[in-house]
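Participant: The structure under discussion is supplied below as structure tokens; questions concerning it will follow.
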Amino acid sequence: MSDDLTPRAAIRAMTQARLSFGPPLRAADTKTTLAFALDHARAREAVTSDLDIERIGVALADAGLEHDRVTSAATTRDAFITRPDLGRQLPQDHADRLARHPSPDVAIVLGDGLSAVAVALNGAAFVTQLAEHLAQAGLTCGPVILARQARVALGDRIARAIGATTVVMIVGERPGLSAADGLGIYITQAPLAKTPDSARNCISNVRAEGLPIPDAARQTYGLIKEMRAIGLSGVALTQSRASGALTQD
């Protein structure tokens, strides 16, 4: 950090969060108002945009990765936003099609979540690096599943349909007014039809200005390795760490 920065400028350089200095004013100035309007528009775009499956599929193919595609029971974006329960359900015909794939060790699901923009910018790069870690460890991941109108729990249904014992569900995170391009990575061991959130581990804010993709891929693989060693994830994994049940190589 430059010594020439004022204290306020130095603090602003450390974060993208909105900061206010000095006494409150009756109204925001024009610059602040326009910046807020732009960030609000970016957040709305992230939530309402559709997943660009064709573009992501090409990027995965370039990396030597096959893919398949599904859509949750929320067949439209409006239904996805207003009916979160539908975004967690996998239609039976999609489940039947996935069941025809050979069962992998790890299912990788790339879903739009609440920011298709985040997936477009960061999804294929993260999946590519994670797949490399898995391959080096001798773990199979099968085709990457591209999921439209996807909530986190949809990954559980996909993993059960394809026969995977570990699932990595990658979704665009709910955008804020300082970032609309962050990925959330949810890793679950032995997913159930109704897996509680306490049984998952999450890595968040994966993006250029947050957690870098290479670091996120390494952390995700590390969690997968631990989970598969004890057959547990989420709070149970944390408790195993605390009790010393896990040992380092």
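Residues in the structure tokens are named by chain (A, B, ... in the order shown) and by number from 1 within that chain; ligands are numbered from 1 in the order shown.
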Name the residues of stretch 58-88 of chain A that come out as strand (DSSP E or B) in a backbone DSSP run; write them as number ranges by chain.
Facilitator: A: 67-71
Participant: Write out the residues from the selection above, keeping C-alpha atoms, as a PDB file, in the first residue's frame.
Facilitator:
ATOM      1  CA  HIS A  67     -20.631 -32.181 -19.959  1.00  0.00           C
ATOM      2  CA  ASP A  68     -24.322 -32.874 -19.684  1.00  0.00           C
ATOM      3  CA  ARG A  69     -27.131 -30.468 -18.874  1.00  0.00           C
ATOM      4  CA  VAL A  70     -30.208 -30.410 -16.684  1.00  0.00           C
ATOM      5  CA  THR A  71     -32.866 -27.917 -15.653  1.00  0.00           C
TER       6      THR A  71
END
Participant: Hey, what's within 7 Å of stretch 95-100 of chain A if we count only C-alpha atoms and toss same-chain stuff fewer than 3 positions away? As a PyMOL selection string, please?
Facilitator: chain A and resi 90-92+158+161-162
Participant: Considering only C-alpha atoms, tabulate each residue of stretch 155-211 of chain A that lies at most 12 Å from stretch 27-44 of chain A along with its nearest interatomic pair and the corresponding distance in Å to one decimal; arrange the rows by chain and ascending residue number and present them as a Markdown table.
Facilitator:
| residue | atom | partner | partner_atom | distance |
| --- | --- | --- | --- | --- |
| A:Gly172 | CA | A:Ala43 | CA | 11.5 |
| A:Glu173 | CA | A:Ala43 | CA | 10.6 |
| A:Arg174 | CA | A:Ala43 | CA | 8.4 |
| A:Pro175 | CA | A:Ala43 | CA | 5.4 |
| A:Gly176 | CA | A:Ala43 | CA | 6.5 |
| A:Leu177 | CA | A:Asp39 | CA | 5.3 |
| A:Ser178 | CA | A:Asp39 | CA | 6.6 |
| A:Ala179 | CA | A:Ala43 | CA | 7.8 |
| A:Ala180 | CA | A:Ala43 | CA | 5.5 |
| A:Asp181 | CA | A:Ala43 | CA | 8.9 |
| A:Gly182 | CA | A:Ala43 | CA | 11.3 |
Participant: From the list A:Arg160, A:His101, A:His133, A:Arg148, which residue is nearest A:Thr76 when using only C-alpha atoms?
Facilitator: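 Smallest separation from A:Thr76 among the options: A:Arg148.
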Participant: So, with only C-alpha atoms as the atoms that count, which of A:Gly163, A:Gly113, A:Pro191, A:Gly142 lies closest to A:Gly234?
Facilitator: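 The closest residue to A:Gly234 is A:Pro191.
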